[in-house]
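Asker: Here you go, one structure.
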Amino acid sequence: MSHYKSNVRDIEFNLFEVLGRDAVLGTGPAEELDVETARAMLAEVDVLARTKLAEPFADSDRNPPHYDAETRTVAMPESFKMAFKSYMDSDWWRVELSADLDGQPTPPSLRWSLMEMVLGANPAVYIYSAGPKFSEVVYTGGGNGGTERDRSIARHMVDRQWGATMVLTEPDAGSDVGAGRTRAIPQDDGSWHIEGVKRFITSGEHDMTENIIHLVLARPVGVEGVGGPGTKGLSLFVVPKYHFDHETGELTGERNGVYATNVEKKMGIKVSTTCELTFGDGEPAKGWLLGEVHDGIAQMFKVIEHARMMVGTKAIATLSTGYLNALEYAKERKQGADLLNPGKDAPRVTITHHPDVRRSLMTQKSFAEGMRLLVAYTAGFQDRVWMAEAAGERDEDAERINDLLLPIVKGYGSERSWVLLGTESLQTFGGSGFLADYPIEQYVRDAKIDTLYEGTTAIQGQDLFFRKIIKDGGHAIGLLTAELSAFIESEGPLTEERATLKRAMDDVAGVVGLMINDITAAAQEPRNTYKVALNTTRLLMMLGDLVVAYLLVRAGDVAATKLEQGGLSAADEAFYTGKVASARFFVAQVLPKLTAERKIAERTDLAIMDLPEAAF
Ligand code: ST9
Ligand code: FAD
C-alpha cells in the first residue's frame, strides 16, 4: 500500500472554491486550460504520485545511492531509477516550463498544486527532475537576457532531459554565500576555468541522466571591475559534467574537470545525493559565463526563489501525508476506554475517542490544510505575475507580495511541518511511530532538511524583516494588511473568528512597529540592531500564523455558506464541517499565543548579547 496519502479534494477546494483560481484558466497563456482539464490533470498526477513515484520511497532510503571513490561516480538504487524514469516519461515536468522550451503553460497555482503531490510522494524525484526547469534560468541568462549560446544550451537541457545543480555552498561559505572562494579564470577562447571546492551539492553526481549542468557561483580573477568581495563579486557559470557540442547537444566524449569527491551520509532524504564537488583539480573545469554578464547572485536568486517555494511546498506536503497516515491509524487503533466510561470491563475504543488524540489530529489538520492554502494563495500572486508577463507587462504589487510571502512559505512552512510531524503525527502512532514499519519516522528525517537548505530559518526571518519589509518600504506588508483588514471588517459566517483575527493582526503590527523603532534607534545606538535580530524568527512565525489563520477563516466562511445552503452529499457535508471546525480550532488555539509572543518581543533586551561566551 502506498505510503503517500494525497488530498485532492482539499487542493480543488482551495483552487476553485476559496481562491477563485479558475479565473486564470482559459485566458492569456492558460488559454487552452479549463477547470475540467485542471481537475483531470490533478487526478492523473495523483495516481502517478501514489503509485509509481511513491513505490521506492522506503527502499531507496534503506538502500541509498552508492558512491565509488575510485571512479568518483554514484550508482543510484534501481527502484528509484524506475520511479524517476516514470516521472520523466510522464512529461508532467513540462507544466513547469514555458512554451519557448516546449513546456505546457500552466498557471503557478495549478502547477504548485500538481507538484505538491510529486513532492509529497517522493521529493527526490522532483529534485532530480528539475534539470529542464533549471533551463529556464539558462535560457534567460538568469533574467539578463540570454545569449544565443545560452538559449541553445537550455534547449539541449530540455530535449535531452539533463540533470542540473545549483552550486553556491563551500566549506566556509554556507549562509554567508559571499565568503565563497571558488575562482573563475578567463580563457582566450571565451570560456572560464573554475577552481575550488563546493560542498553539499544536491544531485551533484548520479547515473540517471546523460549529462549534468552545474550552475556555479565563482569569483572572476584578473578581470578589471569584477570579482570583488562579497556576493556582488560573484558571477554565474554554466559548467557541464561532460563537454558537448553547443549547437547540436551531442556529447563530445570528453569529461569536464568537475568531480564528486565525496557524497555525504545523512539523516534523511538519503536518495538525494549531497556531493562535495571539486573543480579544476588536475584537469580544467571549463565553464561559460551565463548571459555574458557578471551578476551572479541576482541570477542565482532566480533559482533560489523557485527552490524556496519548492522546499516549503515539500515540507507542507509531507505534513499532510503524515497527518492522513496518523488519522488512518487513529481510526483503527483501539486502546483504553472512553473517559466517561472508565469501568474495568468497559469496551476498548479507538484512540480517536480520546480528547488529547482529537486535539492532536485537529492541530495536524488545521496546520496542514492551512499551509496548503498558504502555498496556493502565494501561487495566486505568482499567477498575476505570470499573466502580466505574458501580456508584456509587470504586476509589481503581486511581485512584491509574492516576495514577502516566500520566506513564510519556506521558513514558517518548514518549521511548523517538521515539528508537527514529530510531536503530533509520529506521536499519534505511539511506539509504532518510532518503527520503520510506518512512513512517519522517515517523514520526520526527510523533512528536517527543509528548515536548513535554501537558507536556514534564521536567514528566512532576516530576509522577511530586513529585505521584504524594511527594504520594500513596507509596501507589500501594507497591501497584505489592507487585505486582512478588509476581510476582518467584512460580513461572514465566522464572526467571532474575525474579532480574534483583529487582535492577532494588532499583535503582529505591534511587533513590526517595535522592530522598526529598534532599527531606527540603531542610528544612534548601533546595538539596537541586535534587538531587531533577536525577534526576526519570532516575527516570521507570528506572521505565518496570522496569514494561515486568515486563510483558514476565509475557507471556513466558504464552507459554512455551503453548509447553510444544504443539499450536500454525505462526503461534502463532512468535508465542509471539517473546514469550519479547523478554522475555529486554529483561531482559538493558535492565535492567542501571538499576544504572548508580542509581550516577549516587548521585553527584548540585550542581556544575552552582553553575556560572556563562557557563560553559555
Ligand atoms: C540549496 C539547495 O540549499 C537545496 C536543494 C536544492 C534542490 C534543487 C533545486 C530544485 C529546484 C528547481 C530550481 C529550478 C529553478 C528554475 C527557476 C526558473 C525561473 N530575493 O542582502 P544582501 C540578492 S542551495 C531575491 O546584501 P548578502 C540580491 O541580488 C544554497 N534576491 O546579501 C541582492 O542584491 P540587492 C542556498 C535576493 O549579505 C544580493 O542578493 N543557500 C534576496 O550579500 C545581495 O543581498 C542560500 O539560500 C531575495 N530574498 O548575502 C543562502 N536576498 O540587494 C542563504 C538577496 O542589490 N543565505 N538577494 O538586490 C542568504 O540568503 C543570505 O542572506 C545572503 C546574504 C547570501 C543573501
Ligand atoms: P551555517 O551558515 O554555518 O549556519 C549554522 C547556524 O548558524 C545555523 O543555525 C544558521 O541559521 C546560523 N547562522 C548563520 N549565519 C547566521 C546569521 N548571519 N544570522 C543568524 N544566524 C546565522 N548548497 C548548495 O549550494 N547547493 C545545494 O544543492 C545544496 N544542497 C544541500 C543539501 C543538503 C542535504 C544540505 C545539508 C545542504 C545543502 N546545501 C546546498 C547547503 C545549504 O544551503 C546550507 O547548508 C545552508 O545554507 C546553511 O549553511 P551552513 O550549513 O554552512 O550553516
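By convention in this document, the chains of the C-alpha cells carry letters A, B, ... by their order, each chain's residues are numbered from 1, and ligands are numbered from 1 in the order they are shown.
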Can you tell me, as number ranges by chain, what residues are no more than 10 Å from stretch 64-67 of chain A when counting only C-alpha atoms, ignoring any on the same chain fewer than 2 positions away?
Answerer: A: 58-62, 69-78, 80, 205-207, 260-265, 269-273, 275
Asker: So that I can check the surroundings of A:Gly249, please list as a PDB file with C-alpha atoms, in the first residue's frame every protein, DNA and RNA residue that reaches within 10 Å of it, counting only C-alpha atoms and ignoring chain neighbours fewer than 6 positions away.
Answerer:
ATOM      1  CA  SER A 152      20.835  26.646 -27.309  1.00  0.00           C
ATOM      2  CA  ILE A 153      22.198  25.035 -24.109  1.00  0.00           C
ATOM      3  CA  ALA A 154      18.803  25.488 -22.450  1.00  0.00           C
ATOM      4  CA  ARG A 155      17.074  23.656 -25.305  1.00  0.00           C
ATOM      5  CA  HIS A 156      19.504  20.731 -25.006  1.00  0.00           C
ATOM      6  CA  MET A 157      18.809  20.589 -21.262  1.00  0.00           C
ATOM      7  CA  ASP A 159      15.362  17.936 -25.155  1.00  0.00           C
ATOM      8  CA  ARG A 160      17.929  15.596 -23.623  1.00  0.00           C
ATOM      9  CA  HIS A 243      31.501  18.507 -22.775  1.00  0.00           C
TER      10      HIS A 243
END
Asker: List all protein, DNA and RNA residues that have any atom at most 9 Å from ligand 2, counting only C-alpha atoms and all ligand atoms, and write the list as number ranges by chain.
Answerer: A: 165-177, 198-204, 216-217, 264, 266-270, 272-275, 449-450, 452-462, 533
Asker: Rank A:Glu424, A:Asp10, A:Glu148, A:Asp397 by their smallest atom-to-atom distance to A:Met362, using only C-alpha atoms, and report the top residue only.
Answerer: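 Nearest candidate to A:Met362 out of A:Glu424, A:Asp10, A:Glu148, A:Asp397: A:Glu424.
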Asker: Atom CA of A:Thr363 and atom CA of A:Tyr377, how far apart in Å?
Answerer: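 Calculated distance between atom CA of A:Tyr377 and atom CA of A:Thr363 is 20.6 Å.
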Asker: Return the single residue from A:Lys85, A:Glu195, A:Ser2, A:Val547 that is closest to A:Glu483, with distances computed using only C-alpha atoms.
Answerer: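 Ranking A:Lys85, A:Glu195, A:Ser2, A:Val547 by distance to A:Glu483, first place goes to A:Val547.
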Asker: Please identify all polymer residues within 10 Å of A:Ile11, counting only C-alpha atoms, omitting same-chain residues fewer than 6 positions from it, and present them as a list in words.
Answerer: Glu17, Arg39, Leu42, Leu110, Ser113, Leu114, Glu116, Met117, Glu369, Arg372, Leu373 and Ala376 of chain A
Asker: Could those selected residues go to a file with all heavy atoms, as a compact mmCIF listing (two decimals), in the first residue's frame?
Answerer:
# COMPACT_ATOMS: atom_id res chain seq x y z
N GLU A 17 -12.78 26.91 -4.99
CA GLU A 17 -13.87 27.40 -4.14
C GLU A 17 -13.42 28.58 -3.27
O GLU A 17 -14.21 29.45 -2.95
CB GLU A 17 -14.41 26.27 -3.26
CG GLU A 17 -15.08 25.16 -4.08
CD GLU A 17 -15.58 24.01 -3.23
OE1 GLU A 17 -16.49 24.21 -2.41
OE2 GLU A 17 -15.05 22.90 -3.37
N ARG A 39 -8.87 19.65 -13.35
CA ARG A 39 -9.24 18.56 -12.43
C ARG A 39 -8.70 17.23 -12.94
O ARG A 39 -8.23 16.40 -12.17
CB ARG A 39 -10.77 18.47 -12.30
CG ARG A 39 -11.38 19.59 -11.46
CD ARG A 39 -12.86 19.32 -11.24
NE ARG A 39 -13.60 20.50 -10.85
CZ ARG A 39 -13.70 20.97 -9.60
NH1 ARG A 39 -13.11 20.33 -8.62
NH2 ARG A 39 -14.40 22.06 -9.34
N LEU A 42 -5.04 17.05 -12.15
CA LEU A 42 -4.82 16.74 -10.73
C LEU A 42 -5.06 15.25 -10.47
O LEU A 42 -4.30 14.60 -9.75
CB LEU A 42 -5.74 17.60 -9.86
CG LEU A 42 -5.39 19.09 -9.80
CD1 LEU A 42 -6.57 19.91 -9.27
CD2 LEU A 42 -4.15 19.33 -8.94
N LEU A 110 -1.93 26.18 -10.22
CA LEU A 110 -2.20 24.79 -10.58
C LEU A 110 -0.92 23.98 -10.57
O LEU A 110 -0.87 22.84 -10.10
CB LEU A 110 -2.87 24.74 -11.98
CG LEU A 110 -3.18 23.34 -12.53
CD1 LEU A 110 -4.06 22.53 -11.58
CD2 LEU A 110 -3.88 23.46 -13.90
N SER A 113 0.06 23.03 -7.13
CA SER A 113 -0.87 22.03 -6.61
C SER A 113 -0.51 20.64 -7.15
O SER A 113 -0.56 19.65 -6.42
CB SER A 113 -2.30 22.37 -7.01
OG SER A 113 -2.66 23.60 -6.44
N LEU A 114 -0.12 20.60 -8.43
CA LEU A 114 0.31 19.32 -9.01
C LEU A 114 1.61 18.87 -8.36
O LEU A 114 1.76 17.70 -7.97
CB LEU A 114 0.52 19.48 -10.52
CG LEU A 114 -0.73 19.79 -11.36
CD1 LEU A 114 -0.35 20.31 -12.74
CD2 LEU A 114 -1.60 18.55 -11.49
N GLU A 116 2.78 19.59 -5.48
CA GLU A 116 2.63 19.18 -4.08
C GLU A 116 2.57 17.66 -3.99
O GLU A 116 3.16 17.04 -3.09
CB GLU A 116 1.34 19.77 -3.47
CG GLU A 116 1.12 19.26 -2.05
CD GLU A 116 -0.30 19.39 -1.52
OE1 GLU A 116 -0.95 20.42 -1.76
OE2 GLU A 116 -0.75 18.45 -0.82
N MET A 117 1.86 17.05 -4.94
CA MET A 117 1.69 15.60 -4.87
C MET A 117 2.98 14.86 -5.21
O MET A 117 3.31 13.85 -4.60
CB MET A 117 0.52 15.17 -5.76
CG MET A 117 -0.80 15.71 -5.22
SD MET A 117 -2.22 15.11 -6.10
CE MET A 117 -2.33 16.26 -7.45
N GLU A 369 -3.67 21.80 6.33
CA GLU A 369 -4.58 22.37 5.32
C GLU A 369 -4.42 23.88 5.22
O GLU A 369 -4.51 24.45 4.12
CB GLU A 369 -6.02 21.96 5.65
CG GLU A 369 -6.20 20.44 5.51
CD GLU A 369 -7.59 19.92 5.85
OE1 GLU A 369 -8.50 20.73 6.10
OE2 GLU A 369 -7.75 18.69 5.87
N ARG A 372 -1.29 24.40 3.20
CA ARG A 372 -1.54 24.11 1.77
C ARG A 372 -2.20 25.33 1.12
O ARG A 372 -1.85 25.72 0.01
CB ARG A 372 -2.45 22.89 1.65
CG ARG A 372 -2.97 22.70 0.22
CD ARG A 372 -3.85 21.48 0.05
NE ARG A 372 -3.13 20.26 0.26
CZ ARG A 372 -3.39 19.38 1.23
NH1 ARG A 372 -4.39 19.58 2.08
NH2 ARG A 372 -2.68 18.29 1.36
N LEU A 373 -3.12 25.92 1.85
CA LEU A 373 -3.81 27.11 1.34
C LEU A 373 -2.82 28.28 1.21
O LEU A 373 -2.91 29.08 0.27
CB LEU A 373 -4.97 27.44 2.29
CG LEU A 373 -6.01 28.48 1.88
CD1 LEU A 373 -6.48 28.33 0.46
CD2 LEU A 373 -7.21 28.41 2.84
N ALA A 376 -1.04 27.82 -2.06
CA ALA A 376 -1.90 28.17 -3.20
C ALA A 376 -2.15 29.68 -3.27
O ALA A 376 -2.20 30.27 -4.36
CB ALA A 376 -3.22 27.41 -3.12
Asker: Based on the backbone DSSP call, show me all residues of stretch 50-182 of chain A assigned strand (DSSP E), as a PyMOL selection string.
Answerer: chain A and resi 66-68+73-75+163-167
Asker: What is the atom CA of A:Gly287-atom CA of A:Val221 distance in Å, reported with one decimal?
Answerer: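 Calculated distance between atom CA of A:Gly287 and atom CA of A:Val221 is 14.0 Å.
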Asker: Just want the 7 Å neighbourhood of A:Val385, counted on only C-alpha atoms, with same-chain residues fewer than 2 positions away dropped. Output as a short mmCIF file (atom, residue, chain, number, x, y, z; two decimals) with N, CA, C and O atoms, in the first residue's frame.
Answerer:
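Saved result, result-v6.cif, follows:
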data_model
loop_
_atom_site.label_atom_id
_atom_site.label_comp_id
_atom_site.auth_asym_id
_atom_site.auth_seq_id
_atom_site.Cartn_x
_atom_site.Cartn_y
_atom_site.Cartn_z
N PHE A 381 -0.50 34.92 -6.33
CA PHE A 381 0.23 36.15 -6.71
C PHE A 381 1.18 35.85 -7.88
O PHE A 381 1.38 36.69 -8.75
N GLN A 382 1.74 34.64 -7.86
CA GLN A 382 2.60 34.24 -8.99
C GLN A 382 1.77 34.14 -10.28
O GLN A 382 2.27 34.44 -11.36
N ASP A 383 0.51 33.74 -10.15
CA ASP A 383 -0.39 33.74 -11.33
C ASP A 383 -0.46 35.15 -11.92
O ASP A 383 -0.37 35.34 -13.13
N MET A 387 0.68 36.15 -15.60
CA MET A 387 -0.27 36.67 -16.59
C MET A 387 0.22 38.02 -17.12
O MET A 387 0.15 38.29 -18.32
N ALA A 388 0.72 38.86 -16.20
CA ALA A 388 1.19 40.19 -16.62
C ALA A 388 2.37 40.04 -17.57
O ALA A 388 2.41 40.69 -18.62
N GLU A 389 3.31 39.16 -17.21
CA GLU A 389 4.50 38.99 -18.06
C GLU A 389 4.09 38.52 -19.46
O GLU A 389 4.66 38.96 -20.46
N ARG A 394 4.10 44.28 -16.26
CA ARG A 394 4.55 43.82 -14.93
C ARG A 394 3.45 44.11 -13.92
O ARG A 394 2.79 45.15 -14.00
N ASP A 395 3.27 43.19 -12.98
CA ASP A 395 2.35 43.44 -11.87
C ASP A 395 3.23 43.54 -10.62
O ASP A 395 3.50 42.55 -9.95
N ALA A 398 1.94 42.39 -7.14
CA ALA A 398 1.93 40.93 -6.98
C ALA A 398 3.35 40.41 -6.78
O ALA A 398 3.58 39.52 -5.96
N GLU A 399 4.31 40.98 -7.51
CA GLU A 399 5.71 40.54 -7.34
C GLU A 399 6.15 40.75 -5.90
O GLU A 399 6.78 39.90 -5.29
#
Asker: Using only C-alpha atoms and all ligand atoms for the distances, tell me which of A:Gly222, A:Gly120, A:Gly312, A:Gly190 is nearest to ligand 1.
Answerer: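 Under the stated criterion, the closest residue is A:Gly312.
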Asker: May I have the residues within 7 Å of A:Leu594 as a ChimeraX atom specification, using only C-alpha atoms and disregarding those fewer than 6 positions away in the same chain?
Answerer: /A:504,507,542
Asker: Please provide the set of residues having any atom within 8 Å of stretch 235-242 of chain A, restricted to only C-alpha atoms, with same-chain residues fewer than 3 positions apart removed, written as a PyMOL selection string.
Answerer: chain A and resi 211-220+227+251-259+285-290+293-297+299-300
Asker: Determine, using only C-alpha atoms, which residues of stretch 487-594 of chain A have any atom at most 10 Å from an atom of stretch 605-616 of chain A, and tabulate each with its shortest atom pair and distance in Å to one decimal place, rows ordered by chain and then rising number, as JSON lines.
Answerer:
{"residue": "A:Arg527", "atom": "CA", "partner": "A:Leu606", "partner_atom": "CA", "distance": 8.3}
{"residue": "A:Asn528", "atom": "CA", "partner": "A:Leu606", "partner_atom": "CA", "distance": 8.3}
{"residue": "A:Tyr530", "atom": "CA", "partner": "A:Leu606", "partner_atom": "CA", "distance": 7.4}
{"residue": "A:Lys531", "atom": "CA", "partner": "A:Asp605", "partner_atom": "CA", "distance": 6.6}
{"residue": "A:Leu534", "atom": "CA", "partner": "A:Asp605", "partner_atom": "CA", "distance": 8.9}
Asker: Find, counting only C-alpha atoms and all ligand atoms, the residue in A:Leu339, A:Val47, A:Val511, A:Ala124 that gets nearest to ligand 1.
Answerer: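 Ranked by minimum distance to ligand 1, first place goes to A:Ala124.
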Asker: Which residue, A:Arg21, A:Gly392, A:His3, A:Gly228, has the smallest gap to A:Tyr438 when you use only C-alpha atoms?
Answerer: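 Looking at the shortest contact to A:Tyr438, the residue is A:His3.
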Asker: Compile the contact shell of stretch 128-132 of chain A as an mmCIF file with C-alpha atoms, in the first residue's frame: residues with an atom at most 6 Å away, counting only C-alpha atoms, same-chain residues fewer than 6 positions apart removed.
Answerer:
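What landed in result_13.cif:
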data_model
loop_
_atom_site.group_PDB
_atom_site.id
_atom_site.type_symbol
_atom_site.label_atom_id
_atom_site.label_comp_id
_atom_site.auth_asym_id
_atom_site.auth_seq_id
_atom_site.Cartn_x
_atom_site.Cartn_y
_atom_site.Cartn_z
ATOM 1 C CA MET A 157 18.809 20.589 -21.262
ATOM 2 C CA VAL A 158 15.129 20.097 -22.039
ATOM 3 C CA TRP A 162 19.791 16.576 -18.486
ATOM 4 C CA GLY A 163 20.170 16.951 -14.749
ATOM 5 C CA ALA A 164 21.199 20.259 -13.152
#
Asker: Please return, as an mmCIF file with C-alpha atoms, in the first residue's frame, all residues of stretch 29-138 of chain A that DSSP assigns to helix (DSSP H, G or I) on the basis of the backbone.
Answerer:
data_model
loop_
_atom_site.group_PDB
_atom_site.id
_atom_site.type_symbol
_atom_site.label_atom_id
_atom_site.label_comp_id
_atom_site.auth_asym_id
_atom_site.auth_seq_id
_atom_site.Cartn_x
_atom_site.Cartn_y
_atom_site.Cartn_z
ATOM 1 C CA PRO A 29 -1.124 31.896 -21.552
ATOM 2 C CA ALA A 30 -3.555 29.427 -19.912
ATOM 3 C CA VAL A 35 -11.439 23.720 -14.874
ATOM 4 C CA GLU A 36 -12.347 20.289 -16.174
ATOM 5 C CA THR A 37 -8.886 19.828 -17.678
ATOM 6 C CA ALA A 38 -7.279 21.091 -14.475
ATOM 7 C CA ARG A 39 -9.243 18.558 -12.427
ATOM 8 C CA ALA A 40 -8.240 15.788 -14.841
ATOM 9 C CA MET A 41 -4.582 16.846 -14.524
ATOM 10 C CA LEU A 42 -4.822 16.743 -10.730
ATOM 11 C CA ALA A 43 -6.426 13.301 -10.885
ATOM 12 C CA GLU A 44 -3.726 11.913 -13.157
ATOM 13 C CA VAL A 45 -0.809 13.250 -11.163
ATOM 14 C CA ASP A 46 -2.491 11.967 -8.012
ATOM 15 C CA VAL A 47 -2.484 8.407 -9.352
ATOM 16 C CA LEU A 48 1.107 8.652 -10.575
ATOM 17 C CA ALA A 49 2.241 10.082 -7.230
ATOM 18 C CA ARG A 50 0.518 7.450 -5.115
ATOM 19 C CA THR A 51 1.760 4.566 -7.262
ATOM 20 C CA LYS A 52 4.964 4.710 -9.276
ATOM 21 C CA LEU A 53 6.511 7.728 -7.559
ATOM 22 C CA ASP A 59 13.530 1.128 -0.391
ATOM 23 C CA SER A 60 15.714 3.950 -1.639
ATOM 24 C CA ASP A 61 16.039 5.262 1.934
ATOM 25 C CA ARG A 62 17.226 1.852 3.190
ATOM 26 C CA GLU A 78 17.321 0.554 -9.233
ATOM 27 C CA SER A 79 13.924 1.075 -7.585
ATOM 28 C CA PHE A 80 14.434 4.833 -7.557
ATOM 29 C CA LYS A 81 15.675 4.893 -11.145
ATOM 30 C CA MET A 82 12.372 3.346 -12.200
ATOM 31 C CA ALA A 83 10.333 5.991 -10.390
ATOM 32 C CA PHE A 84 12.474 8.743 -11.888
ATOM 33 C CA LYS A 85 12.045 7.285 -15.374
ATOM 34 C CA SER A 86 8.281 7.026 -14.906
ATOM 35 C CA TYR A 87 8.145 10.696 -13.981
ATOM 36 C CA MET A 88 10.329 11.855 -16.864
ATOM 37 C CA ASP A 89 8.360 9.665 -19.287
ATOM 38 C CA SER A 90 5.093 11.107 -17.981
ATOM 39 C CA TRP A 92 4.399 16.209 -16.123
ATOM 40 C CA TRP A 93 7.555 18.219 -15.508
ATOM 41 C CA ARG A 94 6.646 20.165 -18.648
ATOM 42 C CA VAL A 95 3.908 22.033 -16.784
ATOM 43 C CA GLU A 96 6.729 23.997 -15.152
ATOM 44 C CA ALA A 99 6.162 27.443 -24.311
ATOM 45 C CA ASP A 100 9.588 28.605 -25.586
ATOM 46 C CA LEU A 101 11.049 25.481 -24.055
ATOM 47 C CA PRO A 108 1.610 28.643 -10.978
ATOM 48 C CA SER A 109 -1.343 27.940 -8.657
ATOM 49 C CA LEU A 110 -2.202 24.786 -10.584
ATOM 50 C CA ARG A 111 1.471 23.957 -11.076
ATOM 51 C CA TRP A 112 2.280 24.005 -7.360
ATOM 52 C CA SER A 113 -0.869 22.025 -6.608
ATOM 53 C CA LEU A 114 0.307 19.323 -9.007
ATOM 54 C CA MET A 115 3.837 19.455 -7.672
ATOM 55 C CA GLU A 116 2.626 19.180 -4.078
ATOM 56 C CA MET A 117 1.689 15.597 -4.866
ATOM 57 C CA VAL A 118 5.019 14.783 -6.507
ATOM 58 C CA LEU A 119 6.853 16.348 -3.567
ATOM 59 C CA GLY A 120 4.727 14.522 -1.006
ATOM 60 C CA ALA A 121 5.108 11.143 -2.706
ATOM 61 C CA PRO A 123 10.555 14.673 -3.099
ATOM 62 C CA ALA A 124 13.831 13.424 -4.563
ATOM 63 C CA VAL A 125 12.064 12.586 -7.834
ATOM 64 C CA TYR A 126 11.082 16.229 -8.158
ATOM 65 C CA ILE A 127 14.573 17.410 -7.248
ATOM 66 C CA TYR A 128 16.382 15.178 -9.785
ATOM 67 C CA GLY A 131 17.131 19.875 -14.839
ATOM 68 C CA PRO A 132 14.708 21.038 -17.541
ATOM 69 C CA LYS A 133 13.277 23.618 -15.131
ATOM 70 C CA PHE A 134 16.776 24.976 -14.498
ATOM 71 C CA SER A 135 16.985 25.531 -18.252
ATOM 72 C CA GLU A 136 14.574 28.486 -17.840
ATOM 73 C CA VAL A 137 17.292 30.346 -15.990
ATOM 74 C CA VAL A 138 19.909 29.478 -18.585
#
Asker: My list of candidates is A:Pro355, A:Glu283, A:Phe13, A:Met1. Which is closest to A:Lys562 when distances are computed with only C-alpha atoms?
Answerer: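 Under the stated criterion, the closest residue is A:Phe13.
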Asker: Enumerate, in order of chain and increasing residue number, the residues of stretch 499-584 of chain A with an atom no farther than 12 Å from stretch 598-601 of chain A, each with its shortest atom pair and distance in Å to one decimal, counting only C-alpha atoms, as a Markdown table.
Answerer:
| residue | atom | partner | partner_atom | distance |
| --- | --- | --- | --- | --- |
| A:Arg503 | CA | A:Arg598 | CA | 11.2 |
| A:Ala504 | CA | A:Arg598 | CA | 9.6 |
| A:Met505 | CA | A:Arg598 | CA | 10.9 |
| A:Asp506 | CA | A:Arg598 | CA | 9.6 |
| A:Asp507 | CA | A:Arg598 | CA | 5.9 |
| A:Val508 | CA | A:Arg598 | CA | 7.3 |
| A:Ala509 | CA | A:Arg598 | CA | 9.4 |
| A:Gly510 | CA | A:Arg598 | CA | 7.0 |
| A:Val511 | CA | A:Arg598 | CA | 5.9 |
| A:Val512 | CA | A:Arg598 | CA | 9.7 |
| A:Gly513 | CA | A:Arg598 | CA | 10.8 |
| A:Leu514 | CA | A:Ala601 | CA | 8.1 |
| A:Met515 | CA | A:Ala601 | CA | 8.9 |
| A:Asp518 | CA | A:Ala601 | CA | 11.3 |
| A:Lys531 | CA | A:Ala601 | CA | 9.0 |
| A:Val532 | CA | A:Ala601 | CA | 9.3 |
| A:Ala533 | CA | A:Ala601 | CA | 10.9 |
| A:Leu534 | CA | A:Ala601 | CA | 8.5 |
| A:Asn535 | CA | A:Ala601 | CA | 6.5 |
| A:Thr536 | CA | A:Ala601 | CA | 9.9 |
| A:Thr537 | CA | A:Ala601 | CA | 11.0 |
| A:Arg538 | CA | A:Ala601 | CA | 8.1 |
| A:Leu539 | CA | A:Ala601 | CA | 9.1 |
| A:Met541 | CA | A:Arg598 | CA | 11.7 |
| A:Met542 | CA | A:Arg598 | CA | 9.0 |
| A:Leu543 | CA | A:Arg598 | CA | 11.6 |
